[in-house]
file coords-v9.txt (compact mmCIF, C-alpha atoms)
# COMPACT_ATOMS: atom_id res chain seq x y z
CA MET A 1 41.51 1.82 -39.57
CA THR A 2 40.65 5.45 -38.89
CA THR A 3 43.13 8.02 -37.59
CA SER A 4 41.16 8.49 -34.38
CA THR A 5 41.36 4.77 -33.68
CA ARG A 6 45.12 4.74 -34.24
CA SER A 7 45.61 7.65 -31.88
CA ALA A 8 43.44 5.99 -29.22
CA ALA A 9 45.42 2.75 -29.27
CA ARG A 10 47.82 2.07 -26.42
CA PRO A 11 51.52 2.18 -27.26
CA GLY A 12 52.71 -1.15 -28.62
CA THR A 13 49.15 -2.48 -29.01
CA PRO A 14 47.98 -3.24 -32.56
CA PRO A 15 45.03 -0.98 -33.46
CA ALA A 16 43.11 -3.99 -34.76
CA ALA A 17 43.45 -5.69 -31.37
CA ARG A 18 42.16 -2.58 -29.59
CA LEU A 19 39.20 -2.42 -31.94
CA ARG A 20 38.35 -6.06 -31.31
CA ALA A 21 38.55 -5.39 -27.56
CA ARG A 22 36.11 -2.51 -27.92
CA ARG A 23 33.75 -4.71 -29.86
CA ALA A 24 34.01 -7.43 -27.20
CA ALA A 25 33.26 -4.88 -24.47
CA THR A 26 30.19 -3.72 -26.38
CA PHE A 27 29.02 -7.32 -26.67
CA ALA A 28 29.46 -7.62 -22.91
CA TYR A 29 27.23 -4.64 -22.15
CA PHE A 30 24.51 -5.76 -24.56
CA ALA A 31 24.52 -9.25 -23.03
CA LEU A 32 24.50 -7.70 -19.55
CA ASN A 33 21.47 -5.56 -20.39
CA GLY A 34 19.59 -8.55 -21.80
CA PHE A 35 20.53 -10.62 -18.75
CA LEU A 36 19.40 -7.97 -16.26
CA MET A 37 16.03 -7.43 -17.89
CA GLY A 38 15.58 -11.16 -18.40
CA MET A 39 16.12 -11.75 -14.68
CA TRP A 40 13.41 -9.20 -13.90
CA ILE A 41 10.98 -10.88 -16.32
CA VAL A 42 11.63 -14.33 -14.86
CA HIS A 43 10.88 -13.05 -11.36
CA ILE A 44 7.70 -11.14 -12.21
CA PRO A 45 5.33 -13.83 -10.79
CA SER A 46 7.19 -14.12 -7.47
CA VAL A 47 7.54 -10.34 -7.14
CA GLU A 48 3.84 -9.90 -7.87
CA HIS A 49 2.94 -12.46 -5.21
CA ARG A 50 5.23 -10.87 -2.62
CA ALA A 51 3.77 -7.42 -3.28
CA GLY A 52 0.24 -8.81 -2.93
CA ILE A 53 -1.13 -7.18 -6.10
CA SER A 54 -3.43 -8.36 -8.89
CA HIS A 55 -2.54 -8.84 -12.54
CA ALA A 56 -4.43 -5.66 -13.36
CA VAL A 57 -2.42 -3.59 -10.87
CA LEU A 58 0.80 -5.13 -12.17
CA GLY A 59 -0.17 -4.09 -15.68
CA TRP A 60 -0.50 -0.47 -14.59
CA LEU A 61 2.76 -0.59 -12.64
CA LEU A 62 4.62 -1.91 -15.68
CA LEU A 63 3.77 1.37 -17.39
CA LEU A 64 6.05 3.02 -14.82
CA LEU A 65 8.86 0.76 -16.02
CA GLY A 66 8.30 2.07 -19.54
CA ALA A 67 7.99 5.67 -18.40
CA GLY A 68 11.25 5.46 -16.48
CA ALA A 69 13.00 3.95 -19.50
CA PHE A 70 11.75 6.68 -21.81
CA VAL A 71 12.93 9.45 -19.47
CA GLY A 72 16.30 7.78 -19.01
CA MET A 73 16.78 7.48 -22.76
CA GLN A 74 16.12 11.15 -23.37
CA ILE A 75 18.44 12.28 -20.55
CA VAL A 76 21.38 9.98 -21.23
CA GLY A 77 21.59 10.57 -24.99
CA PRO A 78 22.97 14.13 -24.72
CA LEU A 79 25.10 13.10 -21.73
CA THR A 80 26.75 10.39 -23.83
CA ASP A 81 27.56 12.94 -26.52
CA ARG A 82 29.04 15.31 -23.94
CA PHE A 83 30.99 12.99 -21.63
CA GLY A 84 31.64 9.97 -23.86
CA ALA A 85 30.59 6.33 -23.75
CA ARG A 86 33.52 5.23 -21.58
CA THR A 87 32.08 7.34 -18.76
CA VAL A 88 28.33 6.98 -19.31
CA VAL A 89 28.00 3.30 -20.28
CA PRO A 90 29.60 1.83 -17.13
CA LEU A 91 27.67 4.23 -14.90
CA SER A 92 24.43 3.32 -16.66
CA ALA A 93 25.20 -0.38 -16.31
CA ALA A 94 25.90 0.12 -12.60
CA LEU A 95 22.61 1.99 -12.17
CA CYS A 96 20.66 -0.71 -14.00
CA SER A 97 22.35 -3.42 -11.91
CA VAL A 98 21.63 -1.74 -8.57
CA THR A 99 18.01 -0.95 -9.39
CA LEU A 100 17.37 -4.58 -10.41
CA PHE A 101 17.62 -5.42 -6.70
CA LEU A 102 14.78 -3.08 -5.72
CA PRO A 103 11.72 -4.99 -7.03
CA GLY A 104 12.79 -7.99 -4.96
CA LEU A 105 12.33 -5.88 -1.81
CA ALA A 106 8.88 -4.52 -2.72
CA THR A 107 6.03 -5.53 -0.42
CA HIS A 108 3.35 -3.06 -1.58
CA ALA A 109 2.10 -1.64 -4.84
CA TRP A 110 3.65 1.76 -4.16
CA SER A 111 7.08 0.33 -3.35
CA LEU A 112 7.00 -1.89 -6.43
CA GLY A 113 5.93 1.05 -8.58
CA SER A 114 8.84 3.15 -7.30
CA ALA A 115 11.25 0.27 -7.87
CA LEU A 116 10.03 -0.26 -11.44
CA LEU A 117 10.32 3.44 -12.22
CA LEU A 118 13.97 3.41 -11.13
CA LEU A 119 14.70 0.11 -12.88
CA GLY A 120 13.19 1.47 -16.08
CA PHE A 121 15.29 4.61 -15.79
CA GLY A 122 18.48 2.57 -15.40
CA ASN A 123 17.52 0.31 -18.30
CA GLY A 124 16.81 3.29 -20.55
CA CYS A 125 20.17 4.86 -19.71
CA LEU A 126 22.06 1.66 -20.48
CA ASP A 127 20.06 0.98 -23.65
CA VAL A 128 20.83 4.30 -25.32
CA SER A 129 24.42 4.70 -24.11
CA MET A 130 25.50 1.23 -25.21
CA ASN A 131 23.80 1.67 -28.60
CA ALA A 132 25.58 5.01 -29.04
CA HIS A 133 28.89 3.29 -28.29
CA ALA A 134 27.98 0.48 -30.70
CA VAL A 135 27.56 3.10 -33.43
CA GLN A 136 31.07 4.38 -32.72
CA VAL A 137 32.52 0.87 -32.87
CA GLU A 138 30.66 0.19 -36.11
CA ARG A 139 32.05 3.42 -37.60
CA ASP A 140 35.61 2.30 -36.83
CA TYR A 141 34.96 -1.17 -38.24
CA ARG A 142 33.62 0.44 -41.43
CA ARG A 143 31.16 -2.41 -41.91
CA PRO A 144 27.84 -3.37 -40.28
CA VAL A 145 28.18 -4.94 -36.83
CA MET A 146 25.11 -3.52 -35.06
CA SER A 147 22.76 -6.50 -35.50
CA ALA A 148 25.19 -8.85 -33.79
CA PHE A 149 25.14 -6.62 -30.71
CA HIS A 150 21.36 -6.87 -30.58
CA ALA A 151 21.59 -10.64 -30.98
CA THR A 152 23.83 -10.72 -27.92
CA PHE A 153 21.13 -8.86 -25.97
CA SER A 154 18.74 -11.70 -26.87
CA LEU A 155 21.27 -14.31 -25.78
CA GLY A 156 21.58 -12.51 -22.45
CA GLY A 157 17.83 -12.95 -22.00
CA VAL A 158 18.12 -16.67 -22.75
CA LEU A 159 20.86 -17.01 -20.11
CA ALA A 160 18.65 -15.16 -17.62
CA SER A 161 15.80 -17.59 -18.19
CA LEU A 162 18.11 -20.52 -17.39
CA VAL A 163 19.68 -18.90 -14.32
CA GLY A 164 16.35 -17.60 -13.06
CA ALA A 165 14.69 -20.98 -13.47
CA ARG A 166 17.48 -22.58 -11.44
CA THR A 167 17.34 -20.08 -8.57
CA LEU A 168 13.56 -20.30 -8.44
CA ALA A 169 13.79 -24.09 -8.32
CA TRP A 170 16.16 -23.77 -5.38
CA GLY A 171 13.57 -21.60 -3.62
CA TRP A 172 15.68 -18.46 -3.45
CA HIS A 173 13.98 -15.29 -2.26
CA PRO A 174 13.61 -12.75 -5.14
CA ALA A 175 15.73 -10.24 -3.25
CA ALA A 176 18.50 -12.82 -2.82
CA SER A 177 18.67 -13.88 -6.47
CA LEU A 178 18.28 -10.37 -7.86
CA GLY A 179 20.80 -9.03 -5.34
CA ALA A 180 23.35 -11.67 -6.30
CA VAL A 181 22.85 -10.86 -9.97
CA ALA A 182 23.24 -7.14 -9.22
CA LEU A 183 26.62 -7.72 -7.53
CA LEU A 184 27.90 -9.93 -10.35
CA SER A 185 26.67 -7.41 -12.92
CA LEU A 186 28.48 -4.56 -11.19
CA ALA A 187 31.69 -6.55 -11.39
CA ALA A 188 31.14 -7.40 -15.06
CA ALA A 189 30.43 -3.75 -15.92
CA ALA A 190 33.62 -2.65 -14.19
CA LEU A 191 35.74 -5.28 -15.95
CA ALA A 192 34.44 -4.33 -19.41
CA ALA A 193 34.77 -0.55 -18.92
CA PRO A 194 38.50 -0.09 -19.71
CA ALA A 195 38.09 -1.54 -23.21
CA LEU A 196 35.45 1.04 -24.24
CA LEU A 197 36.29 3.84 -26.63
CA PRO A 198 38.01 6.75 -24.86
CA THR A 199 36.11 9.94 -24.27
CA ALA A 200 36.24 12.25 -27.26
CA GLY A 201 38.65 15.14 -27.15
CA SER A 202 37.76 18.74 -26.56
CA PRO A 203 35.12 20.19 -28.82
CA ALA A 204 36.12 22.21 -31.81
CA PRO A 205 36.69 25.90 -31.11
CA ALA A 206 33.79 28.22 -31.73
CA SER A 207 33.61 29.97 -35.06
CA PRO A 208 34.14 33.75 -35.17
CA ALA A 209 30.44 34.28 -35.74
CA THR A 210 29.57 32.55 -32.50
CA ASP A 211 32.70 33.20 -30.43
CA GLY A 212 31.73 34.33 -26.97
CA ALA A 213 28.07 33.62 -27.51
CA ALA A 214 26.02 30.78 -26.13
CA PRO A 215 25.91 27.81 -28.53
CA ALA A 216 22.74 27.56 -30.54
CA ARG A 217 20.31 24.90 -29.42
CA ARG A 218 20.35 21.99 -31.82
CA THR A 219 17.08 20.74 -33.19
CA THR A 220 16.55 17.10 -34.07
CA PRO A 221 16.62 16.72 -37.88
CA ARG A 222 13.46 15.67 -39.65
CA ARG A 223 15.16 12.50 -40.90
CA ILE A 224 15.81 11.37 -37.32
CA TRP A 225 12.14 11.75 -36.46
CA LEU A 226 11.21 9.72 -39.55
CA LEU A 227 13.59 6.98 -38.41
CA ALA A 228 11.99 7.19 -34.95
CA VAL A 229 8.51 6.70 -36.41
CA LEU A 230 9.73 3.65 -38.30
CA ALA A 231 11.28 2.33 -35.08
CA LEU A 232 7.94 2.85 -33.34
CA MET A 233 6.15 0.76 -35.96
CA ILE A 234 8.73 -2.04 -36.02
CA MET A 235 9.00 -2.26 -32.23
CA LEU A 236 5.21 -2.15 -31.96
CA CYS A 237 5.31 -5.38 -33.97
CA GLU A 238 7.87 -6.87 -31.57
CA GLY A 239 5.69 -5.93 -28.61
CA VAL A 240 2.68 -7.65 -30.18
CA ALA A 241 4.71 -10.84 -30.65
CA ASN A 242 5.97 -10.73 -27.06
CA ASP A 243 2.52 -10.48 -25.50
CA TRP A 244 0.07 -11.99 -28.00
CA SER A 245 1.81 -14.79 -29.92
CA ALA A 246 1.08 -17.49 -27.35
CA LEU A 247 -2.44 -16.18 -26.72
CA HIS A 248 -3.10 -16.28 -30.46
CA LEU A 249 -2.43 -20.02 -30.66
CA ARG A 250 -4.23 -20.70 -27.38
CA THR A 251 -7.44 -18.77 -28.04
CA VAL A 252 -7.75 -18.77 -31.83
CA LEU A 253 -6.43 -22.23 -32.72
CA ASP A 254 -7.24 -23.88 -29.36
CA ALA A 255 -3.69 -25.15 -28.98
CA PRO A 256 -2.60 -26.74 -25.69
CA ALA A 257 -0.82 -24.35 -23.35
CA ALA A 258 2.56 -26.02 -23.89
CA THR A 259 2.18 -25.84 -27.66
CA ALA A 260 1.00 -22.23 -27.55
CA ALA A 261 4.16 -21.25 -25.67
CA LEU A 262 6.16 -22.41 -28.69
CA ALA A 263 4.82 -19.47 -30.69
CA TYR A 264 6.91 -16.95 -28.80
CA GLY A 265 9.80 -19.40 -28.71
CA ALA A 266 9.72 -19.68 -32.50
CA PHE A 267 9.58 -15.90 -32.86
CA ALA A 268 12.41 -15.21 -30.41
CA THR A 269 14.68 -17.94 -31.76
CA ALA A 270 14.25 -16.82 -35.37
CA MET A 271 14.88 -13.21 -34.37
CA THR A 272 18.12 -14.11 -32.57
CA VAL A 273 19.43 -16.19 -35.50
CA GLY A 274 18.37 -13.47 -37.95
CA ARG A 275 20.29 -10.82 -36.04
CA LEU A 276 23.42 -12.95 -36.17
CA LEU A 277 23.12 -13.00 -39.97
CA ALA A 278 21.78 -9.50 -40.63
CA ASP A 279 25.14 -7.72 -40.51
CA ARG A 280 26.45 -9.72 -43.45
CA ALA A 281 23.26 -9.01 -45.39
CA ALA A 282 23.51 -5.29 -44.62
CA GLY A 283 27.14 -5.27 -45.77
CA ARG A 284 26.30 -6.88 -49.11
CA LEU A 285 22.86 -5.45 -49.88
CA GLY A 286 22.75 -2.25 -47.82
CA PRO A 287 20.63 -1.30 -44.81
CA ALA A 288 17.68 -0.17 -46.94
CA ALA A 289 17.37 -3.63 -48.48
CA VAL A 290 17.52 -5.27 -45.05
CA LEU A 291 14.68 -3.07 -43.81
CA ARG A 292 12.60 -3.35 -46.99
CA TYR A 293 12.81 -7.12 -47.50
CA GLY A 294 12.88 -7.85 -43.79
CA ALA A 295 9.69 -5.90 -43.10
CA ALA A 296 8.00 -7.42 -46.15
CA THR A 297 8.99 -10.91 -45.01
CA ALA A 298 7.67 -10.15 -41.52
CA ALA A 299 4.36 -9.00 -43.00
CA ALA A 300 4.04 -12.23 -44.98
CA GLY A 301 4.90 -14.35 -41.94
CA LEU A 302 2.41 -12.68 -39.61
CA THR A 303 -0.32 -12.78 -42.26
CA ALA A 304 0.21 -16.53 -42.59
CA ALA A 305 0.12 -16.97 -38.82
CA ALA A 306 -3.00 -14.82 -38.38
CA LEU A 307 -5.02 -16.48 -41.12
CA SER A 308 -3.79 -20.06 -40.74
CA PRO A 309 -6.26 -22.69 -39.50
CA TRP A 310 -3.38 -25.06 -38.71
CA ILE A 311 -1.08 -24.87 -35.69
CA PRO A 312 2.15 -25.90 -37.52
CA LEU A 313 1.64 -23.21 -40.18
CA ALA A 314 0.92 -20.63 -37.49
CA LEU A 315 4.14 -21.54 -35.66
CA ALA A 316 6.06 -21.26 -38.92
CA GLY A 317 4.42 -17.89 -39.54
CA TRP A 318 5.54 -16.54 -36.16
CA ALA A 319 9.07 -17.78 -36.88
CA VAL A 320 9.12 -16.03 -40.26
CA PHE A 321 7.77 -12.90 -38.56
CA GLY A 322 10.70 -12.93 -36.13
CA ALA A 323 13.26 -13.59 -38.87
CA GLY A 324 11.93 -10.70 -40.94
CA LEU A 325 11.94 -8.22 -38.06
CA SER A 326 15.36 -9.29 -36.77
CA GLY A 327 17.52 -6.89 -38.74
CA CYS A 328 15.16 -3.91 -38.95
CA VAL A 329 15.67 -2.08 -35.66
CA PRO A 330 19.50 -2.33 -35.70
CA GLN A 331 19.53 -0.63 -39.13
CA LEU A 332 17.43 2.24 -37.78
CA PHE A 333 19.62 2.70 -34.69
CA SER A 334 22.74 2.57 -36.84
CA ALA A 335 21.39 5.14 -39.32
CA ALA A 336 20.44 7.50 -36.48
CA GLY A 337 23.87 7.26 -34.89
CA HIS A 338 25.79 7.75 -38.13
CA ALA A 339 23.67 10.70 -39.26
CA ASP A 340 25.69 13.07 -37.03
CA PRO A 341 28.64 11.60 -35.12
CA ASP A 342 28.78 14.57 -32.72
CA ASN A 343 25.17 13.95 -31.66
CA ALA A 344 24.97 10.17 -32.01
CA GLY A 345 23.71 9.66 -28.45
CA THR A 346 20.98 12.27 -28.78
CA ASN A 347 19.79 10.93 -32.13
CA VAL A 348 19.81 7.32 -30.92
CA SER A 349 17.83 8.40 -27.85
CA ARG A 350 15.10 9.87 -30.07
CA VAL A 351 14.82 6.72 -32.19
CA ALA A 352 15.10 4.31 -29.26
CA GLY A 353 12.69 6.33 -27.11
CA LEU A 354 9.91 6.44 -29.68
CA GLY A 355 10.58 2.82 -30.56
CA TYR A 356 10.24 1.83 -26.92
CA LEU A 357 6.88 3.59 -26.75
CA GLY A 358 5.84 1.52 -29.74
CA MET A 359 6.82 -1.70 -27.98
CA LEU A 360 4.65 -0.69 -25.03
CA ALA A 361 1.77 0.52 -27.20
CA GLY A 362 1.56 -2.57 -29.40
CA PRO A 363 0.17 -4.98 -26.80
CA ALA A 364 -2.01 -2.23 -25.33
CA VAL A 365 -3.61 -1.43 -28.70
CA ILE A 366 -4.37 -5.04 -29.63
CA GLY A 367 -6.37 -5.64 -26.44
CA PRO A 368 -9.10 -3.03 -27.06
CA LEU A 369 -9.27 -3.98 -30.74
CA THR A 370 -10.31 -7.52 -29.78
CA ARG A 371 -13.63 -6.06 -28.63
CA PHE A 372 -14.45 -5.28 -32.25
CA ALA A 373 -12.69 -8.06 -34.17
CA PRO A 374 -11.25 -11.54 -33.54
CA LEU A 375 -7.70 -11.63 -32.25
CA ASN A 376 -6.26 -13.02 -35.46
CA LEU A 377 -7.72 -10.14 -37.48
CA THR A 378 -6.35 -7.52 -35.09
CA LEU A 379 -2.89 -8.88 -35.92
CA LEU A 380 -3.28 -7.30 -39.34
CA LEU A 381 -2.44 -3.96 -37.66
CA PRO A 382 1.24 -4.90 -37.19
CA VAL A 383 1.13 -6.35 -40.71
CA ALA A 384 0.19 -2.87 -41.94
CA CYS A 385 3.06 -1.35 -39.93
CA CYS A 386 5.49 -3.75 -41.59
CA LEU A 387 4.20 -2.83 -45.05
CA VAL A 388 4.63 0.88 -44.33
CA ALA A 389 8.19 0.27 -43.14
CA ALA A 390 8.96 -1.74 -46.27
CA ALA A 391 7.55 0.99 -48.51
CA THR A 392 9.56 3.76 -46.83
CA ALA A 393 12.85 1.88 -46.37
CA GLY A 394 14.47 4.16 -48.94
CA ILE A 395 15.07 6.70 -46.17
CA LEU A 396 18.09 4.60 -45.18
CA ARG A 397 19.67 5.40 -48.54
CA THR A 398 20.05 9.05 -47.53
CA ARG A 399 23.73 9.54 -46.89
CA PRO A 400 24.85 11.60 -43.87
CA THR A 401 27.99 13.70 -43.88
CA THR A 402 30.12 10.76 -42.72
CA THR A 403 30.75 7.43 -44.41
CA LEU A 404 28.22 4.80 -43.48
CA PRO A 405 29.14 1.18 -42.76
CA GLY A 406 28.89 -0.86 -45.90
CA ASP A 407 30.06 2.00 -48.13
CA VAL A 408 33.67 0.86 -47.99
CA GLY A 409 35.52 -2.37 -47.48
CA ALA A 410 35.79 -3.98 -44.08
CA ALA A 411 38.60 -3.05 -41.76
CA ALA A 412 40.27 -4.96 -38.98

call {"tool": "encode", "arguments": {"input": "coords-v9.txt", "output": "structure tokens"}}
result
Amino acid sequence: MTTSTRSAARPGTPPAARLRARRAATFAYFALNGFLMGMWIVHIPSVEHRAGISHAVLGWLLLLLGAGAFVGMQIVGPLTDRFGARTVVPLSAALCSVTLFLPGLATHAWSLGSALLLLGFGNGCLDVSMNAHAVQVERDYRRPVMSAFHATFSLGGVLASLVGARTLAWGWHPAASLGAVALLSLAAAALAAPALLPTAGSPAPASPATDGAAPARRTTPRRIWLLAVLALMIMLCEGVANDWSALHLRTVLDAPAATAALAYGAFATAMTVGRLLADRAAGRLGPAAVLRYGAATAAAGLTAAALSPWIPLALAGWAVFGAGLSGCVPQLFSAAGHADPDNAGTNVSRVAGLGYLGMLAGPAVIGPLTRFAPLNLTLLLPVACCLVAAATAGILRTRPTTTLPGDVGAAA
């Protein structure tokens, strides 16, 4: 247990218990984020119908969701470093919860676009701030725990699909179901807030050379940008799976619609299970090995799916693709946060922001490519991204100034 963790513990409370509480609170915010975004996804058809827009218009409006998220990520990263996760994470969760209600009220394209821009902003703020806090918790644990947090995000999405299906079956208005979820989420965010890590103390005094002068503007290190590019490639692959896995089975292998839907289900399930196991693998083998072998496994799985003439093999390929990708992004976020503890939020925002652009770009790139090649051959683009990530995974071996998780024995 680190000195800072001991000093932050309440009198009479075992430090290990406080650390477990912080980890539980982080799980809560990741699950909350997955649940909120899952509820939006489940209600997309009904919101689209209420707004009276076409699929094409919806596609353009969804870009506003991504733009808002990217802006929110870049703004909240430095704010998390300055004010601390205990302040920024609950506020971000509250913002994301409140803005979830807005798409349910939209009746026109312009009102839906405004609502999605605000929802994306709230989601981006929560995404980066909770990941920055997860890095701090992982540092105190002194062993990898990041992948499990991301698995909880996925489980939140699964819960949203069940709750959303039930409310839709009951015939609830989108504003009613999303509003109810917003209120419950506000309560959950408030309950989890006290267990977060306390705000860091006052910054270190200025050195004589800079005393009385304005602090120098920090530039993002080259290594952080390299991690961000890797995140872009890996999350591009995730975006392709989200939007094209079912269409691949439906259009290339002529699978029935119900069977084609299993492609994304196989991918998402394997990714969730893989994230639950990836922390142990990172602790034993190191984050570089998780990225290298995970990306290589993903490349093999997607190649099998793309080139398979048989539906069962294609489904297995999508599952292997998800399992391989499962631990990659958490290792990149963790490395960015640990590279400089004083600027963890800013560094995570760079990696998460570029990665999010990759997730948006992946599906968009595949579509135009299908004009020149069959869909299954265009899937070789994410295969190439996985191979590049596997070949450059050694960047995770570069040690920052602080001890990385996995370098020492587990604590607590």

call {"tool": "closest_residue", "arguments": {"input": "coords-v9.txt", "among": "A:Ala51, A:Leu119, A:Ile311, A:Leu285", "to": "Ala67 of chain A", "atoms": "all atoms listed in the file"}}
result
A:Leu119

call {"tool": "closest_residue", "arguments": {"input": "coords-v9.txt", "among": "A:Pro174, A:Pro309, A:Gly324, A:Gly337", "to": "Val252 of chain A", "atoms": "all atoms listed in the file"}}
result
A:Pro309

call {"tool": "atom_distance", "arguments": {"input": "coords-v9.txt", "atom1": "atom CA of Ala16 of chain A", "atom2": "atom CA of Val290 of chain A"}}
result
27.6 Å

call {"tool": "residues_near_point", "arguments": {"input": "coords-v9.txt", "point": "(17.0, 6.0, -18.1)", "cutoff": "7 Å", "atoms": "all atoms listed in the file", "output": "PDB file with C-alpha atoms, keeping the file's coordinate frame"}}
result
ATOM      1  CA  GLY A  68      11.250   5.460 -16.480  1.00  0.00           C
ATOM      2  CA  ALA A  69      13.000   3.950 -19.500  1.00  0.00           C
ATOM      3  CA  PHE A  70      11.750   6.680 -21.810  1.00  0.00           C
ATOM      4  CA  VAL A  71      12.930   9.450 -19.470  1.00  0.00           C
ATOM      5  CA  GLY A  72      16.300   7.780 -19.010  1.00  0.00           C
ATOM      6  CA  MET A  73      16.780   7.480 -22.760  1.00  0.00           C
ATOM      7  CA  ILE A  75      18.440  12.280 -20.550  1.00  0.00           C
ATOM      8  CA  VAL A  76      21.380   9.980 -21.230  1.00  0.00           C
ATOM      9  CA  GLY A 120      13.190   1.470 -16.080  1.00  0.00           C
ATOM     10  CA  PHE A 121      15.290   4.610 -15.790  1.00  0.00           C
ATOM     11  CA  GLY A 122      18.480   2.570 -15.400  1.00  0.00           C
ATOM     12  CA  ASN A 123      17.520   0.310 -18.300  1.00  0.00           C
ATOM     13  CA  GLY A 124      16.810   3.290 -20.550  1.00  0.00           C
ATOM     14  CA  CYS A 125      20.170   4.860 -19.710  1.00  0.00           C
TER      15      CYS A 125
END

call {"tool": "residues_around", "arguments": {"input": "coords-v9.txt", "residues": "Ala263 of chain A", "least_positions_apart": "3", "cutoff": "12 Å", "atoms": "only C-alpha atoms", "output": "PDB file with C-alpha atoms, in the coordinates of the input"}}
result
ATOM      1  CA  ALA A 241       4.710 -10.840 -30.650  1.00  0.00           C
ATOM      2  CA  ASN A 242       5.970 -10.730 -27.060  1.00  0.00           C
ATOM      3  CA  ASP A 243       2.520 -10.480 -25.500  1.00  0.00           C
ATOM      4  CA  TRP A 244       0.070 -11.990 -28.000  1.00  0.00           C
ATOM      5  CA  SER A 245       1.810 -14.790 -29.920  1.00  0.00           C
ATOM      6  CA  ALA A 246       1.080 -17.490 -27.350  1.00  0.00           C
ATOM      7  CA  LEU A 247      -2.440 -16.180 -26.720  1.00  0.00           C
ATOM      8  CA  HIS A 248      -3.100 -16.280 -30.460  1.00  0.00           C
ATOM      9  CA  LEU A 249      -2.430 -20.020 -30.660  1.00  0.00           C
ATOM     10  CA  ARG A 250      -4.230 -20.700 -27.380  1.00  0.00           C
ATOM     11  CA  LEU A 253      -6.430 -22.230 -32.720  1.00  0.00           C
ATOM     12  CA  ALA A 255      -3.690 -25.150 -28.980  1.00  0.00           C
ATOM     13  CA  PRO A 256      -2.600 -26.740 -25.690  1.00  0.00           C
ATOM     14  CA  ALA A 257      -0.820 -24.350 -23.350  1.00  0.00           C
ATOM     15  CA  ALA A 258       2.560 -26.020 -23.890  1.00  0.00           C
ATOM     16  CA  THR A 259       2.180 -25.840 -27.660  1.00  0.00           C
ATOM     17  CA  ALA A 260       1.000 -22.230 -27.550  1.00  0.00           C
ATOM     18  CA  ALA A 266       9.720 -19.680 -32.500  1.00  0.00           C
ATOM     19  CA  PHE A 267       9.580 -15.900 -32.860  1.00  0.00           C
ATOM     20  CA  ALA A 268      12.410 -15.210 -30.410  1.00  0.00           C
ATOM     21  CA  THR A 269      14.680 -17.940 -31.760  1.00  0.00           C
ATOM     22  CA  ALA A 270      14.250 -16.820 -35.370  1.00  0.00           C
ATOM     23  CA  LEU A 302       2.410 -12.680 -39.610  1.00  0.00           C
ATOM     24  CA  ALA A 305       0.120 -16.970 -38.820  1.00  0.00           C
ATOM     25  CA  ALA A 306      -3.000 -14.820 -38.380  1.00  0.00           C
ATOM     26  CA  ILE A 311      -1.080 -24.870 -35.690  1.00  0.00           C
ATOM     27  CA  PRO A 312       2.150 -25.900 -37.520  1.00  0.00           C
ATOM     28  CA  LEU A 313       1.640 -23.210 -40.180  1.00  0.00           C
ATOM     29  CA  ALA A 314       0.920 -20.630 -37.490  1.00  0.00           C
ATOM     30  CA  LEU A 315       4.140 -21.540 -35.660  1.00  0.00           C
ATOM     31  CA  ALA A 316       6.060 -21.260 -38.920  1.00  0.00           C
ATOM     32  CA  GLY A 317       4.420 -17.890 -39.540  1.00  0.00           C
ATOM     33  CA  TRP A 318       5.540 -16.540 -36.160  1.00  0.00           C
ATOM     34  CA  ALA A 319       9.070 -17.780 -36.880  1.00  0.00           C
ATOM     35  CA  VAL A 320       9.120 -16.030 -40.260  1.00  0.00           C
ATOM     36  CA  PHE A 321       7.770 -12.900 -38.560  1.00  0.00           C
ATOM     37  CA  GLY A 322      10.700 -12.930 -36.130  1.00  0.00           C
TER      38      GLY A 322
END
